[in-house]
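See structure below.
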There are 2 protein chains.
Amino acid sequence: MVVNKLCNFINDSTIMPHHRFIHFPLITFVNASFNQVSNWDNAVPVRPHWRLWWNPEPGAEIGCDAGTYALDPGHMVLVPPYVRITHRLHQPVWSLALHVEVNEPVDPGLDRVFYPELPEDMVERLQQLNERIPQGFTFTQDKNHGAWLHLFLGEIFCRALQLLPSEIWSVPARDPRVDDAVATIHSAVDTTLSNTGLARQANLSTNAFIRLFSQNMGVPPQVYMQNVRLDKAARLLQQSDESIDIVAESCGFCDRNYLSKLFKRRFGVGPARYRRQMS
Amino acid sequence: MVVNKLCNFINDSTIMPHHRFIHFPLITFVNASFNQVSNWDNAVPVRPHWRLWWNPEPGAEIGCDAGTYALDPGHMVLVPPYVRITHRLHQPVWSLALHVEVNEPVDPGLDRVFYPELPEDMVERLQQLNERIPQGFTFTQDKNHGAWLHLFLGEIFCRALQLLPSEIWSVPARDPRVDDAVATIHSAVDTTLSNTGLARQANLSTNAFIRLFSQNMGVPPQVYMQNVRLDKAARLLQQSDESIDIVAESCGFCDRNYLSKLFKRRFGVGPARYRRQMS
């Protein structure tokens with residue numbers, strides 16, 4: 001029963017492939033905080049969703065393989081899904097951090113963060129945060145955040161993504177049979193589907209199906225399936241407070257030890273730390 | 001099988017009551033169009049979601065019980081869920097129309113449209129639509145709309161809602177037992193739950209439960225349940241192209257005639273017309 005509730009709670013359609021209709025929902029906040037941070041020493045988990053940082057004052061920086069970017073009021077750092085980052089703090093600073101699922105697929109080869117310069121009117125709107133929102137606010141702790149803040153952050157985030165180069169949204173076309181297999185996998189996250197069964201659905205031999213899938217998706221079907229389950233576990237850890245045992249079970253892992261081992265490989269930290277860490 | 005797909009496709013969690021976490025998703029586009037309209041004579045369906053109109057040129061107006069509002073580049077008309085409107089066209093005009101589910105409950109007593117004056121920078125951003133988007137664009141017909149448009153409209157819509165008086169988001173507190181019953185109803189949209197069963201879950205006598213529910217929700221449980229099913233049918237009609245028979249079945253109606261009769265009472269038009277009509 002609890003497991004079912006969790007499944008409803010997380011909207012699996014956010015990761016469905018293109019349909020003939022528009023994508024919906026557009027964005028889903030996983031976490032949002034505006035806090036004074038004084039300690040950024042820990043390893044930063046890899047996340048399956050977008051992250052945005054904006055600080056009203058200098059004193060912190062975020063790095064990836066491509067370089068290091070100083071946070072200040074005139075810039076944002078935007079981190080695409082699965083990009084590995086480091087962060088460093090020179091002094092305690094106030095920091096806005098958004099974790100957001102975006103229902104637009106991005107170029108899977110992206111391996112860098114973005115550091116757009118903000119238009120003047122956007123900086124002005126962001127400065128209003130300091131005036132309007134309660135200091136030390138986090139969504140996950142505060143029920144009384146009010147609709148305006150939710151809408152304000154939605155506006156800011158949608159606008160921030162428009163500052164990025166449009167090429168990041170160009171996703172290579174996929175074979176429709178692979179699209180169907182992906183949809184099947186997402187519609188049954190907690191069950192293990194065999195390559196043979198998926199191949200039969202695609203009207204292909206098992207070997208031909210595995211080859212086609214790997215070419216289109218970059219990983220073989222069984223690895224893709226495991227990644228989908230790990231991503232779901234990551235969402236549940238951050239968006240619910242169900243025990244790690246229940247999260248493991250509801251994502252089709254036999255126990256929490258097995259989940260932990262695979263989880264650490266994908267996200268850089270174990271499930272408990274992934275949940276605890278805010279950035 | 002088709003019915004199951006539909007159920008996954010529509011995210012029922014958008015209408016779940018407050019949880020201790022943040023609401024997600026924030027907004028979900030049901031339809032978006034930017035077209036030259038030359039015929040607005042039909043009755044306008046009532047819709048279970050928000051609507052926004054913005055026209056780059058004068059020549060059209062939208063009315064509700066409280067008054068009539070002329071569309072022009074400096075204003076928007078925003079229509080909350082379930083508000084009944086009329087519209088009138090004096091000449092063919094270009095018109096941006098957004099249909100959006102918003103995951104923030106509004107004051108259930110709202111019975112008017114809003115007509116905010118737009119800040120100058122917002123008018124400027126809206127004028128860019130004319131330059132950038134293909135004329136005669138609709139989301140439901142056009143797969144190649146591109147991520148930027150989706151994000152742009154998300155930004156505009158989030159910002160538009162912030163122009164409204166904040167009181168509209170103040171929803172009367174509900175008894176937690178009613179919250180639980182509402183959650184149960186939404187988690188089993190296509191099955192009929194008895195008042196006796198719901199009352200037992202709430203630890204109340206059937207009569208006491210019906211009384212408490214009606215006080216909190218404005219309608220008795222069985223009417224509420226039917227409304228939830230009708231709203232789901234409305235979403236499926238607009239967001240999928242499954243036949244009306246399948247929509248009826250997947251929302252727990254015995255046949256399309258029964259659905260049509262109740263549908264017309266709630267939305268002012270029958271299912272086929274509700275689907276066909278864009279505004």
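Quick note on naming: the chains in the structure tokens go A, B, ... in the order shown, residues restart at 1 in each chain, and ligands are numbered from 1 in order of appearance.
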
**Report entry** DSSP alpha helix (DSSP H) residues within segment 18-211 of chain A, as a VMD selection string
**Finding:** chain A and resid 120 to 132 147 to 162 176 to 187 195 to 201 206 to 211

Query raised in the report: Just asking: which residues within segment 13-159 of chain A are strand (DSSP E) according to DSSP, as a PyMOL selection string?
Result: chain A and resi 27-37+50-54+60-64+67-71+77-79+86-89+93-102+137-138

Query raised in the report: From the list A:Ala66, A:Leu98, A:Val113, A:Leu151, which residue is nearest chain B when using only C-alpha atoms?
Result: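 So, comparing all the options, the nearest one is A:Leu151.
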
**Report entry** All residues 8 Å or closer to segment 77-91 of chain B, only C-alpha atoms, same chain fewer than 6 positions away omitted, as number ranges by chain
**Finding:** B: 38-41, 43-54, 59-65, 69, 71, 110-116

Selected residues written out with N, CA, C and O atoms, as a CSV table (one decimal), in the first residue's frame:
```
chain,number,residue,atom,x,y,z
B,38,SER,N,-11.1,33.7,-36.5
B,38,SER,CA,-12.1,34.4,-37.2
B,38,SER,C,-13.5,34.1,-36.8
B,38,SER,O,-14.4,34.7,-37.3
B,39,ASN,N,-13.6,33.2,-35.9
B,39,ASN,CA,-15.0,32.7,-35.5
B,39,ASN,C,-15.0,32.3,-34.0
B,39,ASN,O,-14.4,31.4,-33.7
B,40,TRP,N,-15.7,33.2,-33.2
B,40,TRP,CA,-15.8,32.9,-31.8
B,40,TRP,C,-17.2,32.8,-31.4
B,40,TRP,O,-17.5,33.2,-30.3
B,41,ASP,N,-18.1,32.3,-32.3
B,41,ASP,CA,-19.5,32.4,-32.0
B,41,ASP,C,-20.0,31.3,-31.0
B,41,ASP,O,-21.0,31.5,-30.4
B,43,ALA,N,-20.6,28.5,-28.0
B,43,ALA,CA,-20.5,28.6,-26.6
B,43,ALA,C,-19.1,28.1,-26.2
B,43,ALA,O,-18.5,27.3,-26.8
B,44,VAL,N,-18.6,28.8,-25.1
B,44,VAL,CA,-17.3,28.4,-24.6
B,44,VAL,C,-17.4,27.3,-23.6
B,44,VAL,O,-18.1,27.6,-22.6
B,45,PRO,N,-16.7,26.2,-23.7
B,45,PRO,CA,-16.8,25.2,-22.6
B,45,PRO,C,-16.3,25.7,-21.3
B,45,PRO,O,-15.4,26.5,-21.3
B,46,VAL,N,-16.9,25.3,-20.2
B,46,VAL,CA,-16.2,25.4,-18.9
B,46,VAL,C,-15.0,24.5,-18.9
B,46,VAL,O,-15.1,23.4,-19.5
B,47,ARG,N,-13.9,24.9,-18.3
B,47,ARG,CA,-12.7,24.0,-18.3
B,47,ARG,C,-12.3,23.8,-16.8
B,47,ARG,O,-12.4,24.7,-16.0
B,48,PRO,N,-11.7,22.6,-16.5
B,48,PRO,CA,-11.3,22.3,-15.2
B,48,PRO,C,-9.9,22.9,-14.9
B,48,PRO,O,-9.3,22.6,-13.8
B,49,HIS,N,-9.3,23.7,-15.8
B,49,HIS,CA,-8.0,24.2,-15.6
B,49,HIS,C,-8.0,25.7,-15.9
B,49,HIS,O,-9.0,26.3,-16.3
B,50,TRP,N,-6.8,26.4,-15.6
B,50,TRP,CA,-6.7,27.8,-15.9
B,50,TRP,C,-6.6,28.0,-17.5
B,50,TRP,O,-6.1,27.2,-18.2
B,51,ARG,N,-7.1,29.2,-17.9
B,51,ARG,CA,-6.9,29.6,-19.3
B,51,ARG,C,-6.3,31.0,-19.3
B,51,ARG,O,-6.7,31.8,-18.4
B,52,LEU,N,-5.5,31.3,-20.3
B,52,LEU,CA,-4.9,32.7,-20.4
B,52,LEU,C,-5.1,33.1,-21.9
B,52,LEU,O,-4.9,32.3,-22.8
B,53,TRP,N,-5.6,34.3,-22.1
B,53,TRP,CA,-5.6,34.9,-23.4
B,53,TRP,C,-4.8,36.2,-23.5
B,53,TRP,O,-4.8,37.0,-22.6
B,54,TRP,N,-4.0,36.3,-24.5
B,54,TRP,CA,-3.3,37.5,-24.8
B,54,TRP,C,-3.3,37.7,-26.3
B,54,TRP,O,-2.9,36.8,-27.1
B,59,GLY,N,-9.7,43.8,-30.8
B,59,GLY,CA,-10.8,43.3,-31.7
B,59,GLY,C,-11.5,42.1,-31.1
B,59,GLY,O,-12.4,41.5,-31.7
B,60,ALA,N,-11.2,41.8,-29.8
B,60,ALA,CA,-11.9,40.6,-29.2
B,60,ALA,C,-12.1,40.9,-27.7
B,60,ALA,O,-11.4,41.7,-27.1
B,61,GLU,N,-13.1,40.3,-27.1
B,61,GLU,CA,-13.4,40.5,-25.7
B,61,GLU,C,-13.9,39.2,-25.0
B,61,GLU,O,-14.5,38.4,-25.7
B,62,ILE,N,-13.6,39.2,-23.7
B,62,ILE,CA,-14.0,38.0,-23.0
B,62,ILE,C,-14.9,38.5,-21.8
B,62,ILE,O,-14.5,39.5,-21.2
B,63,GLY,N,-16.0,37.8,-21.5
B,63,GLY,CA,-16.9,38.3,-20.5
B,63,GLY,C,-17.2,37.2,-19.5
B,63,GLY,O,-17.1,36.0,-19.8
B,64,CYS,N,-17.5,37.6,-18.3
B,64,CYS,CA,-18.0,36.7,-17.3
B,64,CYS,C,-19.1,37.5,-16.5
B,64,CYS,O,-19.5,38.6,-16.9
B,65,ASP,N,-19.7,36.9,-15.5
B,65,ASP,CA,-20.8,37.6,-14.8
B,65,ASP,C,-20.4,38.9,-14.3
B,65,ASP,O,-21.2,39.9,-14.2
B,69,TYR,N,-14.2,42.2,-20.8
B,69,TYR,CA,-12.8,42.7,-20.8
B,69,TYR,C,-12.3,42.7,-22.2
B,69,TYR,O,-12.3,41.6,-22.8
B,71,LEU,N,-9.5,42.5,-25.0
B,71,LEU,CA,-8.1,42.0,-25.2
B,71,LEU,C,-7.3,43.0,-26.0
B,71,LEU,O,-7.7,43.5,-27.0
B,110,LEU,N,-14.2,31.5,-6.2
B,110,LEU,CA,-13.8,32.4,-7.3
B,110,LEU,C,-14.8,32.2,-8.4
B,110,LEU,O,-15.1,31.1,-8.9
B,111,ASP,N,-15.4,33.3,-8.8
B,111,ASP,CA,-16.4,33.2,-10.0
B,111,ASP,C,-16.2,34.4,-10.9
B,111,ASP,O,-17.2,35.0,-11.3
B,112,ARG,N,-15.0,34.7,-11.2
B,112,ARG,CA,-14.7,35.9,-12.1
B,112,ARG,C,-13.4,35.6,-12.8
B,112,ARG,O,-12.6,34.8,-12.5
B,113,VAL,N,-13.2,36.4,-13.9
B,113,VAL,CA,-12.0,36.3,-14.6
B,113,VAL,C,-11.1,37.5,-14.1
B,113,VAL,O,-11.6,38.4,-13.5
B,114,PHE,N,-9.8,37.5,-14.4
B,114,PHE,CA,-8.9,38.5,-14.1
B,114,PHE,C,-8.3,39.2,-15.3
B,114,PHE,O,-8.2,38.6,-16.4
B,115,TYR,N,-8.0,40.5,-15.2
B,115,TYR,CA,-7.7,41.3,-16.3
B,115,TYR,C,-6.5,42.2,-15.9
B,115,TYR,O,-6.6,43.4,-15.9
B,116,PRO,N,-5.3,41.6,-15.6
B,116,PRO,CA,-4.2,42.4,-15.1
B,116,PRO,C,-3.6,43.2,-16.2
B,116,PRO,O,-3.6,42.8,-17.4
```

Query - Ser95 of chain B environment, 9 Å, only C-alpha atoms, sequence neighbours closer than 6 positions dropped, as a list in words - result: Ser33, Phe34, Asn35, Gln36, Val37, Trp53, Trp54, Asn55, Pro56 and Glu57 of chain B

What's around Asp231 of chain B at 10 Å? Count only C-alpha atoms, leave out sequence neighbours fewer than 2 positions away in its own chain, and write the answer as a tab-separated table (two decimals) with N, CA and C atoms, in the first residue's frame.
```tsv
chain	number	residue	atom	x	y	z
B	47	ARG	N	-13.91	24.85	-18.27
B	47	ARG	CA	-12.73	23.98	-18.26
B	47	ARG	C	-12.27	23.75	-16.82
B	48	PRO	N	-11.72	22.56	-16.54
B	48	PRO	CA	-11.27	22.28	-15.16
B	48	PRO	C	-9.89	22.86	-14.86
B	49	HIS	N	-9.32	23.65	-15.77
B	49	HIS	CA	-7.98	24.21	-15.56
B	49	HIS	C	-7.98	25.71	-15.87
B	225	MET	N	-17.09	12.73	-6.17
B	225	MET	CA	-16.49	11.61	-6.90
B	225	MET	C	-16.84	11.68	-8.38
B	226	GLN	N	-18.09	11.99	-8.67
B	226	GLN	CA	-18.51	12.09	-10.06
B	226	GLN	C	-17.81	13.25	-10.76
B	227	ASN	N	-17.65	14.36	-10.04
B	227	ASN	CA	-16.95	15.51	-10.62
B	227	ASN	C	-15.50	15.17	-10.95
B	228	VAL	N	-14.85	14.45	-10.05
B	228	VAL	CA	-13.46	14.05	-10.29
B	228	VAL	C	-13.37	13.20	-11.56
B	229	ARG	N	-14.34	12.29	-11.73
B	229	ARG	CA	-14.34	11.44	-12.92
B	229	ARG	C	-14.61	12.25	-14.19
B	233	ALA	N	-12.21	12.83	-17.44
B	233	ALA	CA	-12.67	12.63	-18.82
B	233	ALA	C	-12.34	13.87	-19.65
B	234	ALA	N	-12.54	15.05	-19.07
B	234	ALA	CA	-12.26	16.30	-19.80
B	234	ALA	C	-10.78	16.36	-20.17
B	235	ARG	N	-9.90	16.00	-19.23
B	235	ARG	CA	-8.47	16.01	-19.53
B	235	ARG	C	-8.13	15.03	-20.64
B	236	LEU	N	-8.71	13.82	-20.55
B	236	LEU	CA	-8.40	12.82	-21.57
B	236	LEU	C	-8.89	13.27	-22.94
B	237	LEU	N	-10.04	13.91	-22.97
B	237	LEU	CA	-10.56	14.36	-24.27
B	237	LEU	C	-9.62	15.36	-24.90
B	251	CYS	N	-12.82	6.23	-17.25
B	251	CYS	CA	-13.18	7.10	-16.13
B	251	CYS	C	-14.32	6.50	-15.32
B	263	PHE	N	-21.58	15.11	-18.58
B	263	PHE	CA	-20.52	16.00	-19.05
B	263	PHE	C	-21.08	17.35	-19.45
B	266	ARG	N	-21.90	19.59	-16.59
B	266	ARG	CA	-20.76	20.20	-15.88
B	266	ARG	C	-20.01	21.21	-16.74
B	267	PHE	N	-19.84	20.91	-18.03
B	267	PHE	CA	-18.94	21.73	-18.84
B	267	PHE	C	-19.66	22.58	-19.91
```

Report task. Could you check how far atom CA of Pro221 of chain A sits from atom CA of Asp190 of chain A, in Å to one decimal? Result ->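 Atom-to-atom, atom CA of Pro221 of chain A and atom CA of Asp190 of chain A are spaced 14.8 Å apart.
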
Query - Shell around Gln128 of chain A at 12 Å using only C-alpha atoms, local window under 3 positions removed, as a list in words - result: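 Here the qualifying residues turn out to be Pro56, Pro73, Asp121, Met122, Val123, Glu124, Arg125, Glu131, Arg132, Ile133, Pro134, Leu149, Phe152, Leu153 and Ile156 of chain A.
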
Requested in this report: Compile the contact shell of Arg276 of chain A as number ranges by chain: residues with an atom at most 10 Å away, counting only C-alpha atoms, same-chain residues fewer than 3 positions apart removed.
Outcome: A: 237-238, 271-273, 279
